[in-house]
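Participant: Supplied structure: input.txt, compact mmCIF, C-alpha atoms and all ligand atoms.
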```txt
# COMPACT_ATOMS: atom_id res chain seq x y z
CA MET H 1 51.99 37.89 58.21
CA SER H 2 50.21 34.55 58.61
CA GLN H 3 46.72 34.17 60.04
CA ASN H 4 48.27 32.65 63.10
CA GLU H 5 50.39 35.73 63.66
CA LYS H 6 47.48 38.12 63.10
CA GLN H 7 45.79 36.53 66.07
CA TRP H 8 48.58 37.89 68.19
CA SER H 9 48.60 41.24 69.91
CA ARG H 10 50.56 43.08 72.52
CA ARG H 11 47.80 42.06 74.93
CA ASP H 12 48.64 38.42 74.24
CA PHE H 13 52.29 39.12 74.91
CA LEU H 14 51.55 40.78 78.22
CA LYS H 15 49.17 38.00 79.16
CA VAL H 16 51.84 35.44 78.51
CA ALA H 17 54.51 37.52 80.17
CA GLY H 18 52.38 37.65 83.25
CA THR H 19 51.46 33.99 83.17
CA ALA H 20 53.86 31.49 84.58
CA GLY H 21 53.88 28.02 83.20
CA VAL H 22 55.69 26.90 86.26
CA GLY H 23 54.43 29.35 88.79
CA ALA H 24 55.57 32.94 88.40
CA ALA H 25 56.54 35.42 85.72
CA ILE H 26 60.28 35.86 85.60
CA THR H 27 61.81 39.29 85.37
CA MET H 28 65.03 39.76 83.42
CA PRO H 29 66.96 43.00 83.07
CA GLY H 30 65.05 45.30 80.75
CA TYR H 31 62.08 43.10 80.00
CA GLN H 32 59.68 40.63 81.39
CA VAL H 33 60.05 37.13 80.10
CA ALA H 34 57.15 35.21 78.71
CA ALA H 35 56.25 32.08 80.53
CA ALA H 36 53.28 30.27 79.10
CA SER H 37 51.71 27.15 80.43
CA SER H 38 50.56 24.31 78.26
CA GLY H 39 47.48 25.13 76.22
CA GLN H 40 47.94 28.87 76.66
CA SER H 41 49.75 31.38 74.48
CA VAL H 42 52.50 29.97 72.33
CA VAL H 43 55.05 31.15 69.80
CA PRO H 44 53.30 31.81 66.45
CA THR H 45 53.82 29.78 63.32
CA ARG H 46 54.41 30.61 59.66
CA PRO H 47 54.08 28.56 56.49
CA PHE H 48 57.36 26.92 55.50
CA GLY H 49 57.50 27.90 51.85
CA GLN H 50 54.94 25.98 49.85
CA SER H 51 55.50 22.75 51.75
CA GLY H 52 52.04 22.90 53.32
CA VAL H 53 53.65 22.75 56.78
CA ASP H 54 53.49 25.55 59.35
CA VAL H 55 56.53 25.86 61.61
CA SER H 56 57.16 27.83 64.80
CA ILE H 57 58.90 31.11 64.01
CA LEU H 58 61.53 30.23 66.62
CA SER H 59 63.58 27.10 66.09
CA LEU H 60 65.61 25.44 68.83
CA GLY H 61 69.21 25.08 67.68
CA GLY H 62 70.61 21.87 69.09
CA MET H 63 74.35 22.47 69.53
CA PHE H 64 74.32 21.82 73.28
CA ASP H 65 74.07 19.03 75.82
CA ILE H 66 70.43 18.14 75.20
CA ARG H 67 70.59 14.95 77.28
CA SER H 68 71.09 17.05 80.42
CA ASN H 69 68.42 19.57 79.44
CA LEU H 70 65.28 17.53 78.83
CA ILE H 71 63.23 19.72 81.17
CA MET H 72 64.14 22.74 79.06
CA MET H 73 63.13 20.86 75.91
CA LYS H 74 59.76 20.12 77.52
CA GLN H 75 59.37 23.80 78.34
CA ALA H 76 60.22 24.70 74.75
CA MET H 77 57.35 22.43 73.66
CA ARG H 78 54.97 24.15 76.09
CA TRP H 79 55.91 27.54 74.67
CA GLY H 80 55.35 26.32 71.12
CA VAL H 81 59.00 26.11 70.07
CA THR H 82 58.29 22.99 68.05
CA TYR H 83 60.86 23.34 65.25
CA TRP H 84 64.01 21.54 66.45
CA ASP H 85 67.29 21.62 64.61
CA THR H 86 70.25 19.28 64.97
CA ALA H 87 72.93 17.66 62.79
CA ASP H 88 74.77 14.41 62.53
CA CYS H 89 78.03 16.21 63.35
CA TYR H 90 76.85 18.24 66.34
CA GLN H 91 78.80 17.32 69.40
CA ARG H 92 77.65 16.88 72.98
CA GLY H 93 75.26 14.13 71.91
CA SER H 94 72.77 16.48 70.28
CA GLU H 95 70.92 13.86 68.19
CA ARG H 96 71.07 11.28 70.99
CA GLY H 97 69.69 13.88 73.41
CA ILE H 98 66.66 14.49 71.19
CA GLY H 99 66.29 10.71 70.84
CA LYS H 100 66.28 10.43 74.61
CA TYR H 101 63.57 13.09 74.74
CA PHE H 102 61.37 11.23 72.23
CA ASP H 103 61.92 8.01 74.13
CA LYS H 104 60.64 9.71 77.29
CA PHE H 105 57.87 11.72 75.60
CA PRO H 106 56.90 9.74 72.47
CA GLU H 107 53.63 11.68 72.16
CA ASP H 108 55.66 14.80 71.30
CA ARG H 109 57.34 13.37 68.21
CA ARG H 110 54.48 14.24 65.87
CA LYS H 111 54.27 17.77 67.29
CA VAL H 112 57.91 18.52 66.46
CA PHE H 113 59.18 19.66 63.07
CA LEU H 114 62.52 17.86 63.21
CA VAL H 115 65.53 18.86 61.15
CA THR H 116 68.85 17.10 60.96
CA LYS H 117 71.76 17.39 58.55
CA SER H 118 74.29 15.30 56.69
CA ASP H 119 77.93 16.18 56.14
CA ALA H 120 78.13 13.58 53.36
CA ARG H 121 77.57 14.50 49.72
CA ASP H 122 77.60 11.10 48.03
CA PRO H 123 74.39 9.02 48.09
CA LYS H 124 75.98 6.09 49.90
CA GLY H 125 77.37 8.32 52.63
CA MET H 126 74.08 10.19 52.93
CA SER H 127 72.14 6.95 53.34
CA ARG H 128 74.53 5.79 56.06
CA LEU H 129 74.27 9.10 57.95
CA LEU H 130 70.49 9.31 57.55
CA ASP H 131 70.05 5.82 59.02
CA ARG H 132 72.38 6.70 61.87
CA SER H 133 70.44 9.90 62.55
CA LEU H 134 67.12 8.04 62.57
CA ASP H 135 68.57 5.58 65.05
CA ARG H 136 70.04 8.25 67.32
CA LEU H 137 66.90 10.39 67.17
CA GLN H 138 64.68 7.39 67.92
CA THR H 139 62.31 8.21 65.11
CA ASP H 140 61.39 6.66 61.77
CA TYR H 141 61.27 9.93 59.83
CA ILE H 142 62.91 13.34 59.58
CA ASP H 143 60.66 16.27 58.69
CA LEU H 144 63.36 18.19 56.83
CA TYR H 145 66.74 16.75 55.89
CA PHE H 146 69.56 19.14 55.02
CA VAL H 147 72.85 18.70 53.28
CA HIS H 148 74.99 20.54 55.81
CA GLY H 149 77.06 23.63 55.02
CA VAL H 150 76.80 23.87 51.24
CA SER H 151 79.40 26.30 49.87
CA ARG H 152 78.56 25.96 46.17
CA ILE H 153 75.37 24.68 44.63
CA ASP H 154 77.26 22.18 42.48
CA GLU H 155 77.76 20.13 45.65
CA LEU H 156 74.18 19.04 44.88
CA ASP H 157 73.63 17.20 41.60
CA GLN H 158 71.25 14.76 39.93
CA ASP H 159 72.49 11.97 42.23
CA THR H 160 71.49 14.10 45.20
CA ARG H 161 68.07 14.68 43.68
CA THR H 162 67.55 10.97 43.03
CA TRP H 163 68.68 10.17 46.57
CA ALA H 164 66.26 12.73 48.06
CA GLU H 165 63.35 11.40 46.02
CA LYS H 166 64.06 7.84 47.10
CA ALA H 167 64.40 8.84 50.76
CA LYS H 168 61.04 10.64 50.52
CA ALA H 169 59.39 7.65 48.82
CA ALA H 170 60.73 5.40 51.58
CA GLY H 171 59.12 7.69 54.17
CA LYS H 172 62.47 8.44 55.83
CA ILE H 173 62.37 12.17 55.07
CA ARG H 174 59.49 14.49 54.25
CA LEU H 175 61.29 17.53 52.90
CA PHE H 176 64.79 18.08 51.57
CA GLY H 177 67.19 21.00 51.29
CA PHE H 178 70.48 22.39 52.53
CA SER H 179 72.11 24.78 54.97
CA SER H 180 74.63 27.40 53.91
CA HIS H 181 77.02 29.70 55.77
CA ARG H 182 79.04 30.63 52.70
CA ASN H 183 78.08 32.35 49.46
CA MET H 184 74.48 32.21 50.63
CA GLU H 185 73.12 34.64 48.05
CA ASP H 186 74.47 32.66 45.08
CA ASN H 187 73.35 29.37 46.60
CA LEU H 188 69.80 30.62 47.19
CA LEU H 189 69.51 32.00 43.66
CA ALA H 190 70.78 28.76 42.15
CA ALA H 191 68.55 26.61 44.39
CA ALA H 192 65.48 28.53 43.23
CA LYS H 193 66.22 27.32 39.71
CA LEU H 194 66.61 23.65 40.64
CA GLY H 195 62.95 22.98 41.34
CA TRP H 196 63.51 20.17 43.87
CA ILE H 197 64.66 22.05 46.98
CA ASP H 198 62.02 22.38 49.72
CA GLY H 199 63.92 24.35 52.32
CA ILE H 200 67.12 26.25 53.06
CA MET H 201 68.70 27.44 56.29
CA MET H 202 71.11 30.30 55.67
CA THR H 203 73.07 33.00 57.47
CA TYR H 204 70.71 35.98 57.49
CA ASN H 205 70.66 38.96 59.81
CA TYR H 206 70.29 42.75 60.09
CA ARG H 207 73.67 43.16 58.36
CA LEU H 208 72.77 41.10 55.29
CA MET H 209 69.01 41.31 54.91
CA HIS H 210 68.96 44.76 53.29
CA THR H 211 71.60 44.14 50.62
CA ASP H 212 70.38 43.86 47.03
CA PRO H 213 71.91 40.39 46.42
CA MET H 214 70.25 38.98 49.54
CA ARG H 215 66.88 40.57 48.74
CA ARG H 216 67.02 39.12 45.21
CA ALA H 217 68.01 35.69 46.53
CA VAL H 218 65.19 35.60 49.09
CA ASP H 219 62.64 36.78 46.51
CA ALA H 220 63.71 34.04 44.10
CA CYS H 221 63.30 31.38 46.79
CA VAL H 222 59.89 32.71 47.77
CA LYS H 223 58.76 32.50 44.13
CA ALA H 224 60.12 28.95 43.94
CA GLY H 225 58.15 27.98 47.08
CA ILE H 226 61.29 27.26 49.13
CA GLY H 227 60.91 27.59 52.91
CA LEU H 228 63.58 29.76 54.54
CA THR H 229 65.09 29.54 58.01
CA ALA H 230 67.48 32.27 59.16
CA MET H 231 70.51 31.46 61.30
CA LYS H 232 73.38 33.53 62.74
CA THR H 233 70.82 36.26 63.26
CA GLN H 234 72.91 38.04 65.90
CA GLY H 235 75.29 39.12 63.14
CA GLY H 236 78.45 38.46 65.14
CA GLY H 237 77.46 38.97 68.77
CA SER H 238 76.20 41.52 71.24
CA ILE H 239 76.21 45.20 70.54
CA ARG H 240 78.95 46.87 72.56
CA THR H 241 78.73 50.35 74.01
CA ASP H 242 82.02 51.78 72.72
CA THR H 243 80.61 54.29 70.24
CA ASP H 244 77.73 56.79 70.17
CA THR H 245 75.71 54.60 67.78
CA GLU H 246 76.15 51.58 70.04
CA LEU H 247 75.14 53.51 73.14
CA GLN H 248 72.15 55.07 71.38
CA MET H 249 70.96 51.75 70.07
CA ALA H 250 71.36 49.71 73.23
CA GLY H 251 69.64 52.43 75.26
CA ARG H 252 66.85 52.89 72.75
CA PHE H 253 65.98 49.19 72.66
CA LEU H 254 66.07 48.87 76.43
CA GLN H 255 63.70 51.85 76.73
CA LYS H 256 61.27 50.01 74.48
CA GLY H 257 61.43 46.97 76.70
CA PHE H 258 63.74 44.63 74.86
CA THR H 259 67.44 43.94 74.50
CA ASP H 260 69.52 44.42 71.37
CA ALA H 261 69.68 40.63 70.98
CA GLN H 262 65.89 40.50 70.92
CA ALA H 263 65.74 43.47 68.56
CA LYS H 264 67.95 41.62 66.07
CA LEU H 265 65.56 38.66 66.10
CA MET H 266 62.56 40.92 65.71
CA ALA H 267 64.19 42.72 62.76
CA VAL H 268 64.53 39.39 60.93
CA TRP H 269 60.98 38.29 61.78
CA GLN H 270 59.78 41.54 60.28
CA ASN H 271 60.44 39.94 56.91
CA PRO H 272 57.40 37.65 56.49
CA ASN H 273 59.33 35.56 53.96
CA ILE H 274 61.53 34.15 56.71
CA ALA H 275 59.59 31.23 58.12
CA SER H 276 61.70 30.71 61.22
CA ILE H 277 64.85 31.74 63.06
CA CYS H 278 67.12 29.00 64.29
CA SER H 279 68.78 30.10 67.50
CA GLN H 280 71.15 28.28 69.80
CA MET H 281 69.40 28.25 73.16
CA PRO H 282 71.59 26.21 75.48
CA ASN H 283 69.74 27.15 78.66
CA MET H 284 66.46 28.49 79.99
CA THR H 285 67.66 32.11 80.02
CA TYR H 286 68.16 32.13 76.25
CA LEU H 287 64.94 30.23 75.67
CA MET H 288 62.89 32.65 77.75
CA ALA H 289 64.44 35.72 76.16
CA ASN H 290 63.86 34.43 72.63
CA VAL H 291 60.31 33.28 73.34
CA ALA H 292 59.58 36.72 74.78
CA ALA H 293 60.90 38.29 71.59
CA ALA H 294 58.80 35.94 69.44
CA LEU H 295 55.68 36.91 71.36
CA ASN H 296 56.44 40.63 71.37
CA ARG H 297 54.35 42.30 68.67
CA THR H 298 56.19 45.63 68.88
CA LYS H 299 57.48 46.61 65.45
CA ILE H 300 61.09 47.47 64.92
CA SER H 301 60.62 51.00 63.60
CA ALA H 302 62.24 52.40 60.48
CA ARG H 303 64.48 54.50 62.74
CA ASP H 304 65.53 51.40 64.69
CA MET H 305 66.29 49.61 61.43
CA ASP H 306 68.38 52.62 60.36
CA LEU H 307 70.28 52.48 63.62
CA LEU H 308 70.95 48.76 63.15
CA GLN H 309 72.21 49.44 59.64
CA ARG H 310 74.40 52.29 60.83
CA TYR H 311 75.85 50.01 63.48
CA ALA H 312 76.43 47.35 60.81
CA ARG H 313 78.34 49.88 58.67
CA GLU H 314 80.46 51.08 61.58
CA THR H 315 81.43 47.54 62.59
CA HIS H 316 81.71 45.95 59.14
CA SER H 317 85.34 44.97 59.59
CA ASN H 318 84.37 42.76 62.56
CA TYR H 319 81.87 40.74 60.57
CA CYS H 320 82.57 38.05 57.99
CA ALA H 321 79.77 38.04 55.42
CA GLY H 322 80.53 34.54 54.13
CA CYS H 323 81.51 35.62 50.61
CA THR H 324 84.29 33.05 50.48
CA HIS H 325 84.35 32.91 46.67
CA LEU H 326 86.19 36.25 46.94
CA CYS H 327 88.88 35.65 49.53
CA GLU H 328 89.54 31.91 49.35
CA THR H 329 90.26 32.01 45.63
CA ALA H 330 92.76 34.86 46.07
CA ILE H 331 95.40 32.65 47.68
CA GLU H 332 96.94 29.37 46.53
CA GLU H 333 96.64 27.57 49.86
CA ARG H 334 93.23 25.99 50.51
CA VAL H 335 92.46 27.81 53.75
CA PRO H 336 88.71 27.80 54.57
CA ILE H 337 88.84 31.43 55.65
CA GLY H 338 85.06 31.73 56.09
CA ASP H 339 84.95 28.67 58.35
CA VAL H 340 87.83 29.91 60.49
CA MET H 341 86.05 33.28 60.83
CA ARG H 342 82.97 31.38 61.99
CA TYR H 343 84.96 29.43 64.58
CA LEU H 344 86.35 32.71 65.90
CA MET H 345 82.77 33.99 66.15
CA TYR H 346 81.70 30.89 68.11
CA CYS H 347 84.59 31.51 70.48
CA ARG H 348 84.46 35.28 70.86
CA SER H 349 80.80 36.16 70.40
CA TYR H 350 79.04 33.01 71.60
CA GLY H 351 81.62 32.25 74.30
CA ASP H 352 81.82 28.62 73.09
CA ARG H 353 85.56 28.10 72.89
CA ASP H 354 85.39 24.31 73.26
CA TYR H 355 83.16 23.87 70.23
CA ALA H 356 85.15 26.43 68.21
CA ALA H 357 88.46 24.72 69.05
CA ALA H 358 87.05 21.28 68.24
CA GLU H 359 85.92 22.50 64.82
CA PHE H 360 89.21 24.30 64.17
CA LYS H 361 91.16 21.14 64.99
CA LYS H 362 89.32 19.30 62.22
CA LEU H 363 91.39 21.29 59.70
CA PRO H 364 94.28 19.25 58.29
CA PRO H 365 97.32 19.56 60.63
CA ASP H 366 99.59 20.56 57.72
CA LEU H 367 97.30 23.42 56.82
CA ARG H 368 97.16 24.63 60.41
CA ARG H 369 100.96 24.57 60.62
CA GLN H 370 101.20 26.53 57.36
CA MET H 371 98.64 29.18 58.30
CA ALA H 372 100.98 31.43 60.29
CA ASP H 373 103.23 31.91 57.24
CA ILE H 374 100.64 32.44 54.51
CA ASP H 375 100.46 35.88 52.93
CA PHE H 376 96.77 36.76 53.15
CA ARG H 377 97.13 40.24 51.62
CA PRO H 378 95.64 39.24 48.22
CA ALA H 379 92.58 37.91 50.10
CA GLU H 380 92.34 41.09 52.16
CA LYS H 381 92.33 43.19 49.00
CA ARG H 382 89.21 41.40 47.81
CA CYS H 383 87.35 41.45 51.11
CA PRO H 384 84.34 43.81 50.90
CA GLN H 385 84.22 43.95 54.70
CA LYS H 386 87.87 45.06 54.86
CA MET H 387 88.69 42.37 57.39
CA ALA H 388 92.24 41.94 58.67
CA ILE H 389 92.23 38.34 57.45
CA GLY H 390 95.93 37.54 58.08
CA LYS H 391 95.82 38.89 61.61
CA LEU H 392 92.57 37.04 62.37
CA MET H 393 93.88 33.74 60.97
CA ARG H 394 96.93 34.01 63.22
CA GLU H 395 94.74 34.89 66.20
CA ALA H 396 92.60 31.82 65.46
CA LEU H 397 95.76 29.70 65.53
CA ASP H 398 96.68 31.12 68.94
CA GLU H 399 93.20 30.96 70.44
CA LEU H 400 91.92 27.70 68.97
CA GLY H 401 94.96 25.81 67.74
S1 LIG H 501 86.85 37.28 55.02
FE1 LIG H 501 85.94 38.92 53.79
S2 LIG H 501 85.88 38.13 51.67
FE2 LIG H 501 86.25 36.40 53.05
S3 LIG H 501 84.23 35.55 53.42
FE3 LIG H 501 84.65 36.96 55.09
S4 LIG H 501 83.80 38.93 54.42
FE4 LIG H 501 83.92 37.64 52.58
```
What does the file become when written as structure tokens?
Ligand code: SF4
Facilitator:
Amino acid sequence: MSQNEKQWSRRDFLKVAGTAGVGAAITMPGYQVAAASSGQSVVPTRPFGQSGVDVSILSLGGMFDIRSNLIMMKQAMRWGVTYWDTADCYQRGSERGIGKYFDKFPEDRRKVFLVTKSDARDPKGMSRLLDRSLDRLQTDYIDLYFVHGVSRIDELDQDTRTWAEKAKAAGKIRLFGFSSHRNMEDNLLAAAKLGWIDGIMMTYNYRLMHTDPMRRAVDACVKAGIGLTAMKTQGGGSIRTDTDTELQMAGRFLQKGFTDAQAKLMAVWQNPNIASICSQMPNMTYLMANVAAALNRTKISARDMDLLQRYARETHSNYCAGCTHLCETAIEERVPIGDVMRYLMYCRSYGDRDYAAAEFKKLPPDLRRQMADIDFRPAEKRCPQKMAIGKLMREALDELG
């Protein structure tokens, strides 16, 4: 726990929860939402690896219409959510929205830890996308620049390293790293050996954080001084109330004053090696709920952690763990099974069908046409989560195609 966090107490949380930045405390089902005014209590910070930079433990994911939500962005600043995440490929004008914000509030640029990402891998493409991002974001530097969605560490090579060093020397980026939704554990372990990666954003949640491979991978990054940001922390969506475990867990968290969604964030923050959680917060309701969770100093107890793990075991076949080196190599056709699973999650768990469908439609048309006829049984045999891959691929075709 950082010094900044130690300064926090339940008293602080209640003070903030009872203080309205804009007038009155807001009550949500099951908990009171924090509402801090400028200069008062804010989300704590943690060191980002050994970069020398402290970042807010809650990061604002930017996959939404930021241009129409500048007031919410301002409120995020007031509550100390100063780590903002976007990407060149995010739709709905994400980068341009942040640029519009900085144009309106230029004094806030230096207070924000700004992350954007490149889909390119080659130096020429990366330079083009970085310049475009700088232009859209109306800034002359990016705090942390990620190669977006790395599946295998060999997507980064000496050319990438040289490019990153030049971009740093030119003052266009301060830190460099990558994001990863697939084969995260292997990518983290390999990155720790490279010696030139400053930060990584990876899928990390209550389902994955206790596994031996993930623990080893996080430990290696910590030793290498790499800053870590967790994403996809909800582990596939809200807890339902179909089984005894689900009912027990939802009820237990509500009794303690927070929702299961907040509990999942708090479980991840309980690992001090995770500098920040990147969460999509497309409106004030999400922002308030997540800020309240970040300010809540209640510990997730060992029993609560056990319940989360039991729930994870009972629902394993609904969750894709991103181990695509297992399933995608089991079939001849180059179907990005892990990506399609993620699009289904955006649609079904996040309720964002438009984004999911737009991403799905980027797959080559021939591949999409083929998908209904592919025999996915060899992939299913290798899947540790026992997912019904063939059925889910066909459902993705119906729902998103
Ligand atoms: S479908 Fe199964 S094997 Fe493939 S990435 Fe997901 S969990 Fe891993």
Participant: Would you list the residues near (68.2, 3.3, 66.8) (no more than 12 Å away, in the coordinates of the file, using all atoms listed in the file) as a list of chain:residue names?
Facilitator: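 Here is the list of nearby residues: H:Glu95, H:Arg96, H:Gly99, H:Lys100, H:Phe102, H:Asp103, H:Leu130, H:Asp131, H:Arg132, H:Ser133, H:Leu134, H:Asp135, H:Arg136, H:Leu137, H:Gln138, H:Thr139, H:Asp140, H:Tyr141.
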Participant: Please write out the residues within 7 Å of ligand LIG 501 (chain H) as a ChimeraX atom specification, counting all atoms listed in the file.
Facilitator: /H:319-324,326-328,337-338,341,379-380,382-387,389
Participant: With only C-alpha atoms as the atoms that count, which of H:Asp65, H:Asp398, H:Asp54, H:Asp198 lies nearest to H:Thr82?
Facilitator: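 Closest candidate: H:Asp54.
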Participant: For H:Thr203, list every protein, DNA or RNA residue within 6 Å, evaluated using all atoms listed in the file, and leave out those in the same chain fewer than 5 positions away; present the list as a short mmCIF file (atom, residue, chain, number, x, y, z; two decimals) with C-alpha atoms, in the coordinates of the input.
Facilitator:
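That gives us selection32.cif:
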```cif
data_model
loop_
_atom_site.label_atom_id
_atom_site.label_comp_id
_atom_site.auth_asym_id
_atom_site.auth_seq_id
_atom_site.Cartn_x
_atom_site.Cartn_y
_atom_site.Cartn_z
CA HIS H 181 77.02 29.70 55.77
CA ALA H 230 67.48 32.27 59.16
CA MET H 231 70.51 31.46 61.30
CA LYS H 232 73.38 33.53 62.74
#
```
Participant: Pick from H:Ala224, H:Leu188, H:Met266, H:Ile277: nearest to H:Arg297, with all atoms listed in the file counted?
Facilitator: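 Smallest separation from H:Arg297 among the options: H:Met266.
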Participant: Give me, please, the distance in Å between atom CA of H:Tyr343 and atom CA of H:Leu60, quoted to one decimal.
Facilitator: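 About the pair atom CA of H:Tyr343 and atom CA of H:Leu60: they are 20.2 Å apart.
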Participant: Around all of stretch 126-144 of chain H's listed atoms, make the axis-aligned box with 4 Å on each side and tell me centre and edge lengths in Å to one decimal, as lines of an AutoDock Vina configuration file.
Facilitator:
```
center_x = 67.6
center_y = 11.9
center_z = 60.4
size_x = 21.9
size_y = 20.6
size_z = 23.0
```
Participant: Which residue out of H:Leu247, H:Leu144, H:Ala275, H:Leu129 has the minimum interatomic distance to H:Asp88 when all atoms listed in the file are used?
Facilitator: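 Checking each of H:Leu247, H:Leu144, H:Ala275, H:Leu129 against H:Asp88, counting all atoms listed in the file, the winner is H:Leu129.
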Participant: Give me, please, the distance in Å between atom CA of H:Phe64 and atom CA of H:Tyr101, quoted to one decimal.
Facilitator: 13.9 Å
Participant: Return the single residue from H:Gly80, H:Thr233, H:Asp219, H:Thr162 that is closest to H:Ser127, with distances computed using only C-alpha atoms.
Facilitator: H:Thr162
Participant: Would you work out the distance separating atom CA of H:His325 from atom CA of H:Val222, expressed in Å to one decimal?
Facilitator: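 Atom CA of H:His325 sits 24.5 Å away from atom CA of H:Val222.
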Participant: Please return as a compact mmCIF listing (two decimals) with C-alpha atoms, in the frame of the given file every residue within 10 Å of (59.8, 24.6, 74.8), taking into account all atoms listed in the file and the file's own coordinates.
Facilitator:
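Done, and the output landed in result_26.txt:
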```txt
# COMPACT_ATOMS: atom_id res chain seq x y z
CA ALA H 36 53.28 30.27 79.10
CA SER H 38 50.56 24.31 78.26
CA VAL H 42 52.50 29.97 72.33
CA VAL H 43 55.05 31.15 69.80
CA SER H 59 63.58 27.10 66.09
CA LEU H 60 65.61 25.44 68.83
CA LEU H 70 65.28 17.53 78.83
CA ILE H 71 63.23 19.72 81.17
CA MET H 72 64.14 22.74 79.06
CA MET H 73 63.13 20.86 75.91
CA LYS H 74 59.76 20.12 77.52
CA GLN H 75 59.37 23.80 78.34
CA ALA H 76 60.22 24.70 74.75
CA MET H 77 57.35 22.43 73.66
CA ARG H 78 54.97 24.15 76.09
CA TRP H 79 55.91 27.54 74.67
CA GLY H 80 55.35 26.32 71.12
CA VAL H 81 59.00 26.11 70.07
CA THR H 82 58.29 22.99 68.05
CA TYR H 83 60.86 23.34 65.25
CA TRP H 84 64.01 21.54 66.45
CA MET H 284 66.46 28.49 79.99
CA LEU H 287 64.94 30.23 75.67
CA MET H 288 62.89 32.65 77.75
CA VAL H 291 60.31 33.28 73.34
```
Participant: Of the candidates H:Leu400, H:Ile197, H:Cys221, H:Ile274, which shows the shortest atom-to-atom distance to H:Tyr355, using all atoms listed in the file?
Facilitator: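 Among H:Leu400, H:Ile197, H:Cys221, H:Ile274, it is H:Leu400 that comes nearest to H:Tyr355.
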Participant: From the list H:Lys168, H:Leu175, H:Met126, H:Ala220, which residue is nearest H:Asn187 when using all atoms listed in the file?
Facilitator: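 Closest to H:Asn187, using all atoms listed in the file: H:Ala220.
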Participant: List the spatial neighbours of H:Tyr350 as JSON, numbers by chain - criterion: any atom at most 12 Å away, all atoms listed in the file, same-chain residues fewer than 3 positions off excluded.
Facilitator: {"H": [63, 232, 234, 235, 236, 237, 238, 279, 280, 281, 282, 286, 342, 343, 344, 345, 346, 347, 353, 354, 355, 356]}
Participant: Save out the residues we just selected, C-alpha atoms, as a compact mmCIF listing (two decimals), keeping the file's coordinate frame.
Facilitator:
```
# COMPACT_ATOMS: atom_id res chain seq x y z
CA MET H 63 74.35 22.47 69.53
CA LYS H 232 73.38 33.53 62.74
CA GLN H 234 72.91 38.04 65.90
CA GLY H 235 75.29 39.12 63.14
CA GLY H 236 78.45 38.46 65.14
CA GLY H 237 77.46 38.97 68.77
CA SER H 238 76.20 41.52 71.24
CA SER H 279 68.78 30.10 67.50
CA GLN H 280 71.15 28.28 69.80
CA MET H 281 69.40 28.25 73.16
CA PRO H 282 71.59 26.21 75.48
CA TYR H 286 68.16 32.13 76.25
CA ARG H 342 82.97 31.38 61.99
CA TYR H 343 84.96 29.43 64.58
CA LEU H 344 86.35 32.71 65.90
CA MET H 345 82.77 33.99 66.15
CA TYR H 346 81.70 30.89 68.11
CA CYS H 347 84.59 31.51 70.48
CA ARG H 353 85.56 28.10 72.89
CA ASP H 354 85.39 24.31 73.26
CA TYR H 355 83.16 23.87 70.23
CA ALA H 356 85.15 26.43 68.21
```
Participant: Taking 3 positions as the minimum chain separation for residues in the same chain, which residues sit within 12 Å of H:His210 when counting all atoms listed in the file? Answer as an MDAnalysis selection string.
Facilitator: chainID H and resid 204:207 213:218 267:268 270:271 305:306 308:310 312:313
Participant: If you count all atoms listed in the file, which residues fall within 10 Å of H:Leu156, apart from same-chain ones fewer than 5 positions away, as a ChimeraX atom specification?
Facilitator: /H:121-122,147,150,161,177-178,191,194
Participant: Write a file of the just-selected residues containing C-alpha atoms, as a tab-separated table (two decimals), in the frame of the given file.
Facilitator:
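And here is the file that came out, selection.tsv:
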```tsv
chain	number	residue	atom	x	y	z
H	121	ARG	CA	77.57	14.50	49.72
H	122	ASP	CA	77.60	11.10	48.03
H	147	VAL	CA	72.85	18.70	53.28
H	150	VAL	CA	76.80	23.87	51.24
H	161	ARG	CA	68.07	14.68	43.68
H	177	GLY	CA	67.19	21.00	51.29
H	178	PHE	CA	70.48	22.39	52.53
H	191	ALA	CA	68.55	26.61	44.39
H	194	LEU	CA	66.61	23.65	40.64
```
